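A short worksheet on the structure shown next.
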Amino acid sequence: MNLEKLFKKYSSDKFTHQYHKIYKLYLNSLKLRKLKILEIGVADGSSLKAWSEYFKNSKIIGVDIKKINLKKKRINKKNIYFHCGSQTDSSFLNNLIKMYGKFDIIIDDGSHYPNDVIFTFKKLFNSLSTNGLYFIEDTQTSYNHFFGGNPFDLKYSNTHMNYFKHLVDTINYKEIPNPFYSKKKYDGLIKNISFYNNMIVLKKGINDIESNLVLNNSYENKRYLTKISRGKGSNFRYYFKYKILFKTYTFALFLFNYFKKIILLRF
Ligand SMILES: C[S@@+](CC[C@H](N)C(=O)[O-])C[C@H]1O[C@@H](n2cnc3c(N)ncnc32)[C@H](O)[C@@H]1O
């Protein structure tokens, strides 16, 4: 059965949200694999039942802050495991990681509070396997001040939408010609981040492709080396142009943006 039918069969709101259309893009080819799938937020177990039937060879691990009677809700399937705890409880998550090791797929369908979503991602990223997928549902809470979101500052407020929007730059970190750039935690470790209606999908994976324009975060160094390696024109001319003129311009721009950031309190 496909995901659309399974979400319908178990009355999961993943069907109402049309999330099956997104999930199928990523999960179709993984259906028969032996995976460890963690879903935060179980409620009545609709999605766990759907995953359990879709991923017959996989372990489905559900987490919820509320105690859930698996028998009563008919979630007691052979490949479903349940743990009661909070997605914001560091020691609970550590125990989960100790118990299962790395997860191939993580789905955050828990509290949907921006701080919780960001905390859980930071905590679980190391425990996502290479090429693993991280899904975050119901990102509309980012825009809603009754859920800890912010409808009035869509760019710089502390929401999970903004957190992941900014994280996108990590994918292109080698292309940033800022000589003062220091490698960030996720640089080189994320292959893609996709934004859908109310859903974010992130794929972990090695992303260390050399830049064609920039060398060690310097455009000037790359241009200088390219020019002198071609052997046309004087080396002094290139040195003056790239290492002195261009670098002065870069430094002036760096200072301008540095002070702009301080004045506007944007960090
Ligand atoms: C939207 S429901 C989950 C629905 C389910 N995944 C499905 O598709 O059928 C959200 C669940 O997250 C749980 N939850 C809320 N805060 C949580 C937290 N801090 N940690 C873990 N679970 C949480 C709630 O108890 C609720 O059962």
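In the structure tokens, chains take letters A, B, ... by order of appearance, with residues numbered from 1 within each chain and ligands from 1 in the order shown.
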
Run DSSP on the backbone and tell me which residues of stretch 8-242 of chain A come out as alpha helix (DSSP H); list them as a compact mmCIF listing (two decimals) with N, CA and C atoms, in the first residue's frame.
# COMPACT_ATOMS: atom_id res chain seq x y z
N LYS A 8 -4.50 7.42 5.09
CA LYS A 8 -5.97 7.47 5.08
C LYS A 8 -6.52 6.34 5.94
N LYS A 9 -5.95 5.14 5.73
CA LYS A 9 -6.42 3.94 6.45
C LYS A 9 -6.36 4.15 7.96
N ASP A 13 -3.35 12.64 10.39
CA ASP A 13 -3.51 13.99 9.83
C ASP A 13 -2.42 14.30 8.79
N LYS A 14 -1.48 13.37 8.65
CA LYS A 14 -0.47 13.51 7.59
C LYS A 14 -1.16 13.46 6.22
N PHE A 15 -2.32 12.80 6.17
CA PHE A 15 -3.09 12.77 4.92
C PHE A 15 -3.77 14.12 4.69
N THR A 16 -4.41 14.64 5.74
CA THR A 16 -5.08 15.95 5.60
C THR A 16 -4.09 17.04 5.19
N TYR A 19 0.93 15.50 3.42
CA TYR A 19 2.36 15.24 3.57
C TYR A 19 2.83 14.01 2.81
N HIS A 20 1.88 13.12 2.47
CA HIS A 20 2.29 11.91 1.74
C HIS A 20 2.96 12.27 0.41
N LYS A 21 2.53 13.42 -0.16
CA LYS A 21 3.10 13.85 -1.44
C LYS A 21 4.59 14.18 -1.29
N ILE A 22 4.95 14.70 -0.13
CA ILE A 22 6.36 15.03 0.12
C ILE A 22 7.11 13.77 0.54
N TYR A 23 6.54 13.03 1.50
CA TYR A 23 7.21 11.83 2.00
C TYR A 23 7.54 10.85 0.88
N LYS A 24 6.60 10.70 -0.06
CA LYS A 24 6.83 9.68 -1.09
C LYS A 24 8.05 10.01 -1.97
N LEU A 25 8.36 11.30 -2.10
CA LEU A 25 9.52 11.70 -2.90
C LEU A 25 10.82 11.14 -2.31
N TYR A 26 10.84 11.05 -0.98
CA TYR A 26 12.06 10.65 -0.29
C TYR A 26 12.07 9.18 0.13
N LEU A 27 10.87 8.63 0.37
CA LEU A 27 10.82 7.34 1.05
C LEU A 27 10.53 6.13 0.16
N SER A 46 -1.44 6.88 14.86
CA SER A 46 -1.83 6.71 13.44
C SER A 46 -0.61 6.60 12.53
N SER A 47 0.33 7.52 12.72
CA SER A 47 1.47 7.50 11.79
C SER A 47 2.38 6.31 12.08
N LEU A 48 2.53 5.94 13.36
CA LEU A 48 3.39 4.79 13.67
C LEU A 48 2.85 3.54 12.97
N LYS A 49 1.52 3.40 12.98
CA LYS A 49 0.92 2.22 12.33
C LYS A 49 1.18 2.27 10.83
N ALA A 50 1.07 3.47 10.26
CA ALA A 50 1.31 3.60 8.81
C ALA A 50 2.77 3.28 8.48
N TRP A 51 3.71 3.85 9.28
CA TRP A 51 5.13 3.56 9.04
C TRP A 51 5.42 2.08 9.19
N SER A 52 4.81 1.49 10.23
CA SER A 52 5.06 0.07 10.53
C SER A 52 4.68 -0.82 9.35
N GLU A 53 3.59 -0.45 8.69
CA GLU A 53 3.13 -1.25 7.54
C GLU A 53 3.93 -0.92 6.27
N TYR A 54 4.33 0.32 6.14
CA TYR A 54 5.07 0.76 4.94
C TYR A 54 6.49 0.23 4.97
N SER A 90 17.32 16.34 27.52
CA SER A 90 18.60 15.90 27.00
C SER A 90 18.96 14.48 27.44
N SER A 91 18.74 14.17 28.73
CA SER A 91 19.17 12.84 29.19
C SER A 91 18.26 11.75 28.63
N PHE A 92 16.98 12.09 28.44
CA PHE A 92 16.07 11.12 27.79
C PHE A 92 16.55 10.81 26.37
N LEU A 93 16.92 11.86 25.65
CA LEU A 93 17.39 11.66 24.26
C LEU A 93 18.72 10.91 24.25
N ASN A 94 19.60 11.21 25.22
CA ASN A 94 20.88 10.48 25.30
C ASN A 94 20.63 8.98 25.47
N ASN A 95 19.67 8.64 26.34
CA ASN A 95 19.36 7.22 26.57
C ASN A 95 18.84 6.55 25.31
N LEU A 96 18.03 7.31 24.58
CA LEU A 96 17.46 6.80 23.33
C LEU A 96 18.59 6.49 22.33
N ILE A 97 19.55 7.43 22.27
CA ILE A 97 20.68 7.27 21.36
C ILE A 97 21.52 6.07 21.79
N LYS A 98 21.71 5.93 23.11
CA LYS A 98 22.48 4.79 23.63
C LYS A 98 21.82 3.48 23.24
N MET A 99 20.50 3.49 23.31
CA MET A 99 19.72 2.27 23.06
C MET A 99 19.73 1.87 21.58
N TYR A 100 19.59 2.87 20.67
CA TYR A 100 19.39 2.54 19.26
C TYR A 100 20.56 2.89 18.34
N PRO A 114 8.99 26.38 18.28
CA PRO A 114 10.27 26.67 17.63
C PRO A 114 11.50 26.25 18.45
N ASN A 115 11.54 26.65 19.72
CA ASN A 115 12.72 26.32 20.55
C ASN A 115 12.92 24.82 20.68
N ASP A 116 11.80 24.09 20.82
CA ASP A 116 11.89 22.63 20.98
C ASP A 116 12.41 21.99 19.70
N VAL A 117 11.89 22.48 18.56
CA VAL A 117 12.30 21.90 17.26
C VAL A 117 13.80 22.11 17.03
N ILE A 118 14.27 23.32 17.35
CA ILE A 118 15.69 23.64 17.15
C ILE A 118 16.55 22.82 18.12
N PHE A 119 16.11 22.76 19.38
CA PHE A 119 16.86 21.99 20.39
C PHE A 119 17.01 20.53 19.97
N THR A 120 15.89 19.94 19.54
CA THR A 120 15.90 18.52 19.18
C THR A 120 16.79 18.26 17.97
N PHE A 121 16.72 19.16 16.99
CA PHE A 121 17.57 18.99 15.81
C PHE A 121 19.05 19.01 16.21
N LYS A 122 19.42 20.01 17.02
CA LYS A 122 20.82 20.13 17.43
C LYS A 122 21.26 18.89 18.21
N LYS A 123 20.36 18.39 19.02
CA LYS A 123 20.68 17.24 19.87
C LYS A 123 20.81 15.95 19.05
N LEU A 124 19.95 15.81 18.05
CA LEU A 124 19.89 14.52 17.34
C LEU A 124 20.71 14.48 16.05
N HIS A 160 12.04 28.38 14.10
CA HIS A 160 12.74 27.27 13.42
C HIS A 160 12.81 27.53 11.92
N MET A 161 11.80 28.23 11.35
CA MET A 161 11.90 28.57 9.92
C MET A 161 13.16 29.40 9.69
N ASN A 162 13.38 30.40 10.53
CA ASN A 162 14.57 31.24 10.36
C ASN A 162 15.85 30.45 10.64
N TYR A 163 15.82 29.56 11.62
CA TYR A 163 17.00 28.75 11.92
C TYR A 163 17.40 27.95 10.68
N PHE A 164 16.41 27.30 10.05
CA PHE A 164 16.74 26.44 8.89
C PHE A 164 17.00 27.27 7.63
N LYS A 165 16.35 28.45 7.53
CA LYS A 165 16.66 29.33 6.38
C LYS A 165 18.13 29.71 6.44
N HIS A 166 18.60 30.06 7.63
CA HIS A 166 20.00 30.46 7.75
C HIS A 166 20.95 29.29 7.60
N LEU A 167 20.47 28.11 8.00
CA LEU A 167 21.32 26.91 7.90
C LEU A 167 21.64 26.57 6.44
N TYR A 219 38.36 34.86 -2.72
CA TYR A 219 38.23 34.98 -4.18
C TYR A 219 39.54 35.49 -4.78
N GLU A 220 40.18 36.43 -4.05
CA GLU A 220 41.41 37.05 -4.55
C GLU A 220 42.51 36.01 -4.73
N ASN A 221 42.66 35.14 -3.72
CA ASN A 221 43.73 34.12 -3.79
C ASN A 221 43.52 33.20 -4.98
N LYS A 222 42.27 32.80 -5.19
CA LYS A 222 41.98 31.88 -6.31
C LYS A 222 42.27 32.57 -7.64
N ARG A 223 41.80 33.82 -7.77
CA ARG A 223 42.02 34.55 -9.04
C ARG A 223 43.51 34.73 -9.30
N TYR A 224 44.24 35.11 -8.24
CA TYR A 224 45.68 35.36 -8.37
C TYR A 224 46.38 34.08 -8.85
N LEU A 225 46.08 32.96 -8.19
CA LEU A 225 46.74 31.70 -8.55
C LEU A 225 46.38 31.28 -9.97
N THR A 226 45.09 31.45 -10.34
CA THR A 226 44.64 31.07 -11.69
C THR A 226 45.39 31.90 -12.73
N LYS A 227 45.48 33.22 -12.48
CA LYS A 227 46.11 34.12 -13.45
C LYS A 227 47.59 33.80 -13.62
N ILE A 228 48.32 33.63 -12.49
CA ILE A 228 49.77 33.42 -12.65
C ILE A 228 50.05 32.02 -13.23
N SER A 229 49.12 31.07 -12.98
CA SER A 229 49.36 29.72 -13.53
C SER A 229 49.21 29.72 -15.05
N ARG A 230 48.44 30.70 -15.58
CA ARG A 230 48.28 30.78 -17.04
C ARG A 230 49.52 31.41 -17.69
N ASN A 235 53.46 39.01 -13.13
CA ASN A 235 52.99 38.57 -11.82
C ASN A 235 52.73 39.75 -10.90
N PHE A 236 53.55 40.80 -11.04
CA PHE A 236 53.39 41.97 -10.16
C PHE A 236 52.02 42.62 -10.38
N ARG A 237 51.62 42.69 -11.69
CA ARG A 237 50.32 43.29 -12.00
C ARG A 237 49.19 42.53 -11.31
N TYR A 238 49.27 41.20 -11.41
CA TYR A 238 48.23 40.37 -10.77
C TYR A 238 48.29 40.52 -9.25

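Comparing A:Ser142, A:Ser218, A:Asn207, A:Asn257 by their smallest distance to A:Tyr242, the closest is A:Ser218 (using only C-alpha atoms).
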
| task | Run DSSP on the backbone and give me the residues of stretch 119-205 of chain A it puts in strand (DSSP E), as JSON, numbers by chain. | result | {"A": [128, 129, 130, 131, 132, 133, 134, 135, 136, 137, 190, 191, 192, 193, 194, 195, 196, 199, 200, 201, 202, 203, 204]}

Write out the residues from the selection above, keeping C-alpha atoms, as a tab-separated table (two decimals), in the first residue's frame.
chain	number	residue	atom	x	y	z
A	128	LEU	CA	21.35	10.82	12.21
A	129	SER	CA	23.19	8.42	9.92
A	130	THR	CA	25.11	9.71	6.89
A	131	ASN	CA	22.59	10.16	4.07
A	132	GLY	CA	19.88	10.09	6.73
A	133	LEU	CA	16.73	12.20	6.43
A	134	TYR	CA	15.32	14.66	8.97
A	135	PHE	CA	11.69	15.75	8.56
A	136	ILE	CA	10.09	18.60	10.48
A	137	GLU	CA	6.32	18.84	10.23
A	190	ILE	CA	24.40	18.62	5.02
A	191	LYS	CA	23.55	17.77	1.43
A	192	ASN	CA	20.28	19.60	1.08
A	193	ILE	CA	17.53	21.40	2.93
A	194	SER	CA	14.14	21.63	1.25
A	195	PHE	CA	11.19	23.78	2.26
A	196	TYR	CA	7.63	22.71	1.48
A	199	MET	CA	7.40	20.99	6.17
A	200	ILE	CA	11.21	21.04	6.11
A	201	VAL	CA	13.27	18.10	4.85
A	202	LEU	CA	17.00	17.89	5.44
A	203	LYS	CA	19.42	15.30	4.12
A	204	LYS	CA	22.63	14.67	6.00

Using only C-alpha atoms and all ligand atoms, tabulate the residues of chain A lying at most 8 Å from any atom of ligand 1, each with its closest atom pair and that distance in Å to one decimal, by chain and increasing residue number, as CSV.
residue,atom,partner,partner_atom_place_in_ligand_line,distance
A:Ser11,CA,ligand 1,9 (O),7.9
A:Ser12,CA,ligand 1,9 (O),4.8
A:Asp13,CA,ligand 1,8 (O),5.8
A:Lys14,CA,ligand 1,8 (O),5.6
A:Glu39,CA,ligand 1,6 (N),6.7
A:Ile40,CA,ligand 1,21 (C),5.7
A:Gly41,CA,ligand 1,12 (O),3.4
A:Val42,CA,ligand 1,5 (C),4.4
A:Ala43,CA,ligand 1,27 (O),3.3
A:Asp44,CA,ligand 1,9 (O),6.2
A:Gly45,CA,ligand 1,9 (O),5.3
A:Ser46,CA,ligand 1,9 (O),4.1
A:Ser47,CA,ligand 1,9 (O),4.1
A:Leu48,CA,ligand 1,9 (O),6.8
A:Val63,CA,ligand 1,21 (C),5.9
A:Asp64,CA,ligand 1,22 (N),3.7
A:Ile65,CA,ligand 1,21 (C),4.1
A:Lys66,CA,ligand 1,25 (O),5.1
A:Cys84,CA,ligand 1,21 (C),7.7
A:Gly85,CA,ligand 1,21 (C),5.9
A:Ser86,CA,ligand 1,20 (N),3.4
A:Gln87,CA,ligand 1,20 (N),3.9
A:Thr88,CA,ligand 1,19 (N),5.6
A:Asp89,CA,ligand 1,19 (N),7.9
A:Asp109,CA,ligand 1,6 (N),5.2
A:Gly110,CA,ligand 1,12 (O),3.5
A:Ser111,CA,ligand 1,16 (N),3.6
A:His112,CA,ligand 1,16 (N),7.4
A:Asp116,CA,ligand 1,19 (N),6.9

Would you put the residues from that selection into a file with C-alpha atoms, as a short mmCIF file (atom, residue, chain, number, x, y, z; two decimals), in the first residue's frame?
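What ended up in result_23.cif:
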data_model
loop_
_atom_site.label_atom_id
_atom_site.label_comp_id
_atom_site.auth_asym_id
_atom_site.auth_seq_id
_atom_site.Cartn_x
_atom_site.Cartn_y
_atom_site.Cartn_z
CA SER A 11 -6.74 8.43 9.83
CA SER A 12 -3.43 10.24 10.20
CA ASP A 13 -3.51 13.99 9.83
CA LYS A 14 -0.47 13.51 7.59
CA GLU A 39 9.17 9.74 15.15
CA ILE A 40 8.72 12.34 17.87
CA GLY A 41 5.01 12.76 18.62
CA VAL A 42 2.83 9.66 18.65
CA ALA A 43 -0.64 10.80 19.85
CA ASP A 44 -3.04 8.00 18.88
CA GLY A 45 -0.34 6.18 16.91
CA SER A 46 -1.83 6.71 13.44
CA SER A 47 1.47 7.50 11.79
CA LEU A 48 3.39 4.79 13.67
CA VAL A 63 8.44 9.06 21.37
CA ASP A 64 5.77 11.07 23.17
CA ILE A 65 5.71 13.20 26.28
CA LYS A 66 2.42 11.53 27.24
CA CYS A 84 7.70 8.13 26.95
CA GLY A 85 9.72 11.32 27.31
CA SER A 86 10.20 14.84 26.07
CA GLN A 87 12.01 15.97 22.96
CA THR A 88 13.56 18.70 25.12
CA ASP A 89 14.93 16.32 27.75
CA ASP A 109 5.99 15.83 14.78
CA GLY A 110 6.09 16.69 18.49
CA SER A 111 5.40 19.96 20.26
CA HIS A 112 6.05 22.15 17.17
CA ASP A 116 11.89 22.63 20.98
#

| field | A:Gly188 surroundings by only C-alpha atoms, 8 Å radius, close-in-sequence under 2 positions cut, as a list in words | value | Thr170, Ile171, Tyr173, Tyr186, Ile190, Lys191, Gly205, Ile206, Asn207 and Asp208 of chain A

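Nearest residue to A:Tyr143, choosing from A:Tyr113, A:Asn172, A:Tyr239, A:Ser234 and counting only C-alpha atoms: A:Tyr113.
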
| message | Quick check, in Å to one decimal: how far apart do atom CA of A:Ile107 and atom CA of A:Leu38 lie? | response | 6.2 Å

If we count only C-alpha atoms, what is near A:Asn198 at a cut-off of 7 Å, once residues fewer than 3 positions away on the same chain are taken out, given as a compact mmCIF listing (two decimals) with N, CA and C atoms, in the first residue's frame?
# COMPACT_ATOMS: atom_id res chain seq x y z
N GLU A 137 7.69 18.56 10.68
CA GLU A 137 6.32 18.84 10.23
C GLU A 137 5.76 20.10 10.89
N ASP A 138 4.73 20.63 10.27
CA ASP A 138 3.94 21.72 10.84
C ASP A 138 4.77 22.96 11.19
N THR A 139 5.58 23.37 10.25
CA THR A 139 6.44 24.54 10.48
C THR A 139 5.64 25.85 10.49
N GLN A 140 4.34 25.76 10.25
CA GLN A 140 3.50 26.97 10.30
C GLN A 140 3.51 27.61 11.69

| request: Write out as a list of chain:residue names each polymer residue whose atoms come within 10 Å of A:Asn57, counting only C-alpha atoms; drop sequence neighbours fewer than 2 positions from it. | output: A:Lys31, A:Leu32, A:Arg33, A:Lys34, A:Leu35, A:Lys36, A:Ser52, A:Glu53, A:Tyr54, A:Phe55, A:Lys59, A:Ile60, A:Asn79

| note | The residue from A:Ile263, A:Tyr258, A:Gly148, A:Tyr10 with the smallest atom-to-atom distance to A:Lys73, counting only C-alpha atoms, is A:Tyr10

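Among the candidates A:Leu70, A:Ser157, A:Ser127, A:Asn150, the one nearest to A:Leu265 when counting only C-alpha atoms is A:Ser157.
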
| task | One decimal, Å: what's the distance from atom CA of A:Lys185 over to atom CA of A:Asp104, could you say? | result | 20.2 Å

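With atom CA of A:His83 on one side and atom CA of A:Asn197 on the other, the separation reads 29.2 Å.
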